[in-house]
There are 2 protein chains.
Amino acid sequence: MSNKNICVTLQYDGSRYDGWQRQGNTDNTVQGRLEAMLSKLFSQEIEVNGSGRTDAGVHAEGQVANFHVDTPYGPGKIMELMNQYLPKDIAVTDAKIVDARFHARLNAKSKTYRYRLSTGFVRPVFGRQQVLWCPEDLDLERMREAAELLTGEHDFTSFCGNKHMKKSCVRTVTSITVEEVTTSVGDTEYPEVWITFTGNGFLQNMVRIMVGTLLEVGRGERTPSDMTAILEAKDRERAGAMAPAHGLTLRKVEY
Amino acid sequence: MSNKNICVTLQYDGSRYDGWQRQGNTDNTVQGRLEAMLSKLFSQEIEVNGSGRTDAGVHAEGQVANFHVDTPYGPGKIMELMNQYLPKDIAVTDAKIVDARFHARLNAKSKTYRYRLSTGFVRPVFGRQQVLWCPEDLDLERMREAAELLTGEHDFTSFCGNKHMKKSCVRTVTSITVEEVTTSVGDTEYPEVWITFTGNGFLQNMVRIMVGTLLEVGRGERTPSDMTAILEAKDRERAGAMAPAHGLTLRKVEY
């Protein structure tokens with residue numbers, strides 16, 4: 001038996017969870033499920049550190065988390081056991097032993113989130129829980145101009161969903177791209193718009209509020225240059241509505 | 001007002017339905033939902049003819065159905081209204097006015113079904129309701145040899161799930177392909193095997209029993225040449241187990 005620090009990559013369909021972060025008694029969170037399962041599996045109390053919280057209903061294709069465990073097993077076996085006992089909407093896609101000091105949140109350098117909009121006339125049936133159906137003519141050029149103004153180091157107070165945030169709201173968003181993509185199911189093509197955000201960290205609800213604000217720009221309800229005024233105001237009331245959780249996926253975390 | 005024969009193409013996620021075909025009182029079928037919705041929408045009793053039944057849990061990317069209705073609306077408006085009132089797991093992807101004598105089942109010339117196997121080590125999380133997870137090393141060459149022997153005009157009694165079938169079980173399967181495909185989610189690749197069947201008609205459970213039998217060949221539990229003996233026996237007991245419904249999708253119907 002030796003104490004190992006295990007780092008895992010996780011995918012989850014967030015539809016039926018109350019987000020990543022463990023809550024009190026009636027726990028229905030991804031972190032809570034993982035900790036309960038690991039503690040039982042290894043007969044020891046295990047705490048899981050995620051790279052960051054995801055909101056209720058948000059998905060992950062590459063969430064990263066670590067935990068310390070006394071076990072003779074190697075990472076391959078641990079991954080196999082975890083997948084055996086996890087519910088069908090959570091899976092471990094990679095596991096490795098890392099340095100004892102590695103911490104999934106503290107060592108994270110950047111995160112990438114993607115928001116998917118399905119913009120066609122026909123409502124998507126397959127994978128509908130991972131996109132927001134939004135059958136509208138969006139002006140993508142205007143959205144890209146607005147996205148450009150949100151990129152960089154800024155105080156994102158206006159895009160923070162936590163009204164009682166006491167720490168710094170300064171974050172660096174290194175890139176925001178707005179792409180047109182076509183997916184197809186059978187003979188039907190589904191046009192989509194993918195808004196992809198990479199940054200050194202994101203505040204609570206920040207990506208969803210940025211998406212909601214960019215959507216208002218795409219519809220012509222705001223101008224791209226409004227972004228500068230919104231950032232400067234440091235006032236949540238100035239930014240747009242928060243986009244629904246189910247269109248958002250944590251794509252990857254880099255260290 | 002004129003009586004129109006409307007032909008629609010439908011996609012549905014069959015997960016929560018008791019199949020296509022309308023049942024008695026406690027109806028939870030796709031046909032039942034469509035008829036109830038259309039009858040209410042147009043204030044007249046409407047019967048929907050599907051190209052064929054799909055089993056409980058089976059999906060469709062291109063089911064075709066027709067119905068007669070007295071309405072001043074054109075097909076575009078009808079499609080829009082249907083999509084507005086249908087549940088989120090059923091969508092109309094095309095609608096057109098067809099000749100009064102057109103019947104979706106009687107005029108169907110061929111149907112294509114696809115069964116998706118996810119064969120990788122990691123259980124798929126996204127789209128898991130549309131594939132069967134089957135982390136095994138399948139011998140695809142043997143499966144292709146067996147598939148070849150099932151192709152053509154045969155009496156498929158051994159592959160029919162209805163023990164009381166009184167009509168002819170002769171059908172023509174024009175092609176069965178076994179393909180390796182890779183899908184990816186984030187940085188994780190998911191190897192899949194797609195078994196695609198095209199034919200002039202399929203008996204109850206026939207595709208799922210063929211898939212189950214081909215899986216047994218792929219695992220080395222049967223030889224490809226067993227297929228000939230199974231067909232000749234005209235005995236359901238001789239074929240393999242029926243594969244689960246959720247891996248199967250009706251891809252398209254041709255007229």
# chains A, B, ... in the order shown; residues from 1 in each chain; ligands from 1

$ select_by_dssp --residues "stretch 154-214 of chain B" --states "strand (DSSP E)" --output "compact mmCIF listing (two decimals) with N, CA and C atoms, in the first residue's frame"
# COMPACT_ATOMS: atom_id res chain seq x y z
N HIS B 154 -34.45 -14.46 -48.68
CA HIS B 154 -34.49 -15.64 -47.83
C HIS B 154 -35.79 -15.68 -47.06
N ASP B 155 -36.12 -16.85 -46.55
CA ASP B 155 -37.19 -16.97 -45.56
C ASP B 155 -36.53 -16.70 -44.21
N VAL B 170 -40.61 -14.34 -46.07
CA VAL B 170 -39.62 -14.12 -47.13
C VAL B 170 -39.40 -12.61 -47.30
N ARG B 171 -38.15 -12.20 -47.21
CA ARG B 171 -37.79 -10.80 -47.40
C ARG B 171 -36.50 -10.75 -48.20
N THR B 172 -36.24 -9.60 -48.79
CA THR B 172 -34.97 -9.44 -49.51
C THR B 172 -34.13 -8.38 -48.78
N VAL B 173 -32.98 -8.82 -48.30
CA VAL B 173 -32.05 -7.89 -47.68
C VAL B 173 -31.01 -7.57 -48.75
N THR B 174 -31.01 -6.33 -49.22
CA THR B 174 -30.14 -6.00 -50.36
C THR B 174 -28.70 -5.74 -49.95
N SER B 175 -28.49 -5.28 -48.71
CA SER B 175 -27.09 -5.14 -48.28
C SER B 175 -26.97 -5.08 -46.77
N ILE B 176 -25.87 -5.63 -46.27
CA ILE B 176 -25.51 -5.52 -44.85
C ILE B 176 -24.03 -5.14 -44.84
N THR B 177 -23.72 -3.98 -44.30
CA THR B 177 -22.31 -3.58 -44.21
C THR B 177 -21.89 -3.52 -42.75
N VAL B 178 -20.60 -3.82 -42.52
CA VAL B 178 -20.02 -3.78 -41.18
C VAL B 178 -18.81 -2.85 -41.27
N GLU B 179 -18.95 -1.65 -40.70
CA GLU B 179 -17.91 -0.62 -40.84
C GLU B 179 -17.28 -0.26 -39.51
N GLU B 180 -15.99 0.08 -39.53
CA GLU B 180 -15.33 0.65 -38.35
C GLU B 180 -15.32 2.16 -38.50
N VAL B 181 -15.71 2.86 -37.46
CA VAL B 181 -15.84 4.32 -37.49
C VAL B 181 -15.27 4.83 -36.17
N THR B 182 -14.71 6.03 -36.19
CA THR B 182 -14.26 6.62 -34.93
C THR B 182 -14.99 7.93 -34.70
N THR B 183 -15.62 8.05 -33.55
CA THR B 183 -16.22 9.33 -33.20
C THR B 183 -15.35 9.91 -32.08
N SER B 184 -15.35 11.23 -31.94
CA SER B 184 -14.55 11.75 -30.84
C SER B 184 -15.34 12.78 -30.04
N VAL B 185 -15.07 12.79 -28.75
CA VAL B 185 -15.70 13.71 -27.82
C VAL B 185 -14.56 14.32 -27.02
N THR B 188 -11.11 12.46 -26.38
CA THR B 188 -11.29 11.02 -26.28
C THR B 188 -11.88 10.46 -27.57
N GLU B 189 -11.24 9.42 -28.11
CA GLU B 189 -11.78 8.80 -29.31
C GLU B 189 -12.59 7.57 -28.93
N TYR B 190 -13.73 7.42 -29.57
CA TYR B 190 -14.59 6.28 -29.32
C TYR B 190 -14.69 5.44 -30.58
N PRO B 191 -14.05 4.28 -30.60
CA PRO B 191 -14.21 3.41 -31.77
C PRO B 191 -15.62 2.82 -31.79
N GLU B 192 -16.21 2.79 -32.98
CA GLU B 192 -17.54 2.20 -33.12
C GLU B 192 -17.56 1.22 -34.28
N VAL B 193 -18.49 0.30 -34.24
CA VAL B 193 -18.78 -0.58 -35.37
C VAL B 193 -20.23 -0.32 -35.75
N TRP B 194 -20.42 0.02 -37.03
CA TRP B 194 -21.79 0.29 -37.52
C TRP B 194 -22.21 -0.87 -38.42
N ILE B 195 -23.34 -1.47 -38.11
CA ILE B 195 -23.89 -2.52 -38.96
C ILE B 195 -25.14 -1.93 -39.60
N THR B 196 -25.09 -1.81 -40.94
CA THR B 196 -26.17 -1.13 -41.67
C THR B 196 -26.89 -2.11 -42.58
N PHE B 197 -28.19 -2.16 -42.45
CA PHE B 197 -29.04 -3.10 -43.18
C PHE B 197 -29.97 -2.35 -44.12
N THR B 198 -30.00 -2.76 -45.39
CA THR B 198 -31.00 -2.22 -46.31
C THR B 198 -31.78 -3.39 -46.89
N GLY B 199 -33.09 -3.24 -46.97
CA GLY B 199 -33.91 -4.33 -47.51
C GLY B 199 -35.30 -3.85 -47.85

$ interface_residues --of "chain B" --to "chain A" --cutoff "8 Å" --atoms "only C-alpha atoms" --output "JSON, numbers by chain"
{"B": [11, 12, 13, 61, 62, 83, 88, 89, 90, 91, 92, 93, 122, 123, 124, 125, 126, 127, 185, 186, 187, 188, 251, 252]}

$ residues_around --residues "B:Arg53" --least-positions-apart "2" --cutoff "10 Å" --atoms "only C-alpha atoms" --output "PyMOL selection string"
chain B and resi 19-22+30-31+49-51+55-56+58+63+105+202-204+250

$ write_last_selection --atoms "C-alpha atoms" --output "PDB file, in the first residue's frame"
ATOM      1  CA  GLY B  19     -42.407   1.980 -30.045  1.00  0.00           C
ATOM      2  CA  TRP B  20     -44.119   3.388 -33.122  1.00  0.00           C
ATOM      3  CA  GLN B  21     -47.418   1.561 -33.243  1.00  0.00           C
ATOM      4  CA  ARG B  22     -50.467   2.957 -31.452  1.00  0.00           C
ATOM      5  CA  VAL B  30     -44.930   7.757 -31.375  1.00  0.00           C
ATOM      6  CA  GLN B  31     -47.898   7.131 -33.674  1.00  0.00           C
ATOM      7  CA  ASN B  49     -49.666   5.731 -41.535  1.00  0.00           C
ATOM      8  CA  GLY B  50     -46.042   5.036 -40.732  1.00  0.00           C
ATOM      9  CA  SER B  51     -43.682   3.285 -43.161  1.00  0.00           C
ATOM     10  CA  ASP B  55     -39.804  -1.459 -31.552  1.00  0.00           C
ATOM     11  CA  ALA B  56     -39.946   0.185 -28.145  1.00  0.00           C
ATOM     12  CA  VAL B  58     -35.647   2.119 -31.270  1.00  0.00           C
ATOM     13  CA  GLN B  63     -39.142   7.636 -40.437  1.00  0.00           C
ATOM     14  CA  ARG B 105     -46.233   1.708 -45.654  1.00  0.00           C
ATOM     15  CA  PHE B 202     -37.946  -6.435 -42.097  1.00  0.00           C
ATOM     16  CA  LEU B 203     -39.903  -8.748 -39.792  1.00  0.00           C
ATOM     17  CA  GLN B 204     -40.574  -7.982 -36.142  1.00  0.00           C
ATOM     18  CA  LEU B 250     -34.241   3.620 -38.680  1.00  0.00           C
TER      19      LEU B 250
END

$ atom_distance --atom1 "atom CA of B:Asp99" --atom2 "atom CA of B:Tyr255"
12.9 Å

$ atom_distance --atom1 "atom CA of B:Gln44" --atom2 "atom CA of B:Tyr85"
16.1 Å

$ closest_residue --among "B:Arg116, B:Lys4, B:Arg142, B:Lys77" --to "B:Thr223" --atoms "only C-alpha atoms"
B:Arg142

$ select_by_dssp --residues "stretch 105-184 of chain A" --states "helix (DSSP H, G or I)" --output "list in words"
Arg128, Gln129, Gln130, Leu140, Glu141, Arg142, Met143, Arg144, Glu145, Ala146, Ala147, Glu148, Leu149, Leu150, Thr157, Ser158 and Phe159 of chain A

$ atom_distance --atom1 "atom CA of B:Ala104" --atom2 "atom CA of B:Asp27"
21.8 Å

$ residues_around --residues "A:Leu41" --least-positions-apart "2" --cutoff "9 Å" --atoms "only C-alpha atoms" --output "list in words"
Ala36, Met37, Leu38, Ser39, Ser43, Gln44, Leu81, Met82 and Tyr85 of chain A

$ write_last_selection --atoms "C-alpha atoms" --output "mmCIF file, in the first residue's frame"
data_model
loop_
_atom_site.group_PDB
_atom_site.id
_atom_site.type_symbol
_atom_site.label_atom_id
_atom_site.label_comp_id
_atom_site.auth_asym_id
_atom_site.auth_seq_id
_atom_site.Cartn_x
_atom_site.Cartn_y
_atom_site.Cartn_z
ATOM 1 C CA ALA A 36 -19.078 8.666 -2.171
ATOM 2 C CA MET A 37 -18.106 6.038 -4.746
ATOM 3 C CA LEU A 38 -14.326 6.318 -4.168
ATOM 4 C CA SER A 39 -14.658 6.339 -0.366
ATOM 5 C CA SER A 43 -12.732 1.987 2.341
ATOM 6 C CA GLN A 44 -11.197 5.353 3.254
ATOM 7 C CA LEU A 81 -13.028 0.223 -11.196
ATOM 8 C CA MET A 82 -14.313 3.805 -11.256
ATOM 9 C CA TYR A 85 -19.184 1.839 -10.282
#

$ residues_around --residues "B:Asn162" --least-positions-apart "2" --cutoff "9 Å" --atoms "only C-alpha atoms" --output "count of residues only"
7

$ closest_residue --among "B:Gly220, B:Gly120, B:Gly152, B:Gly74" --to "B:Asp139" --atoms "only C-alpha atoms"
B:Gly220

$ residues_around --residues "A:Asp235" --least-positions-apart "2" --cutoff "12 Å" --atoms "only C-alpha atoms" --output "list in words"
Asp155, Phe156, Thr157, Ser158, Phe159, Cys160, Gly161, Asn162, Lys163, Cys169, Ala229, Ile230, Leu231, Glu232, Ala233, Glu237, Arg238, Ala239 and Gly240 of chain A

$ residues_around --residues "stretch 208-216 of chain B" --least-positions-apart "6" --cutoff "6 Å" --atoms "only C-alpha atoms" --output "list in words"
Met143, Phe159, Arg222, Gly240, Ala241, Met242 and Ala243 of chain B

$ write_last_selection --atoms "C-alpha atoms" --output "tab-separated table (two decimals), in the first residue's frame"
chain	number	residue	atom	x	y	z
B	143	MET	CA	-19.00	-10.77	-39.19
B	159	PHE	CA	-34.91	-14.16	-37.34
B	222	ARG	CA	-20.47	-19.15	-34.04
B	240	GLY	CA	-28.76	-15.66	-31.60
B	241	ALA	CA	-30.01	-13.43	-28.81
B	242	MET	CA	-31.83	-10.23	-29.70
B	243	ALA	CA	-29.62	-7.13	-29.36

$ closest_residue --among "A:His246, A:Gln23, A:Val217, A:Ser15" --to "A:Val131" --atoms "only C-alpha atoms"
A:His246
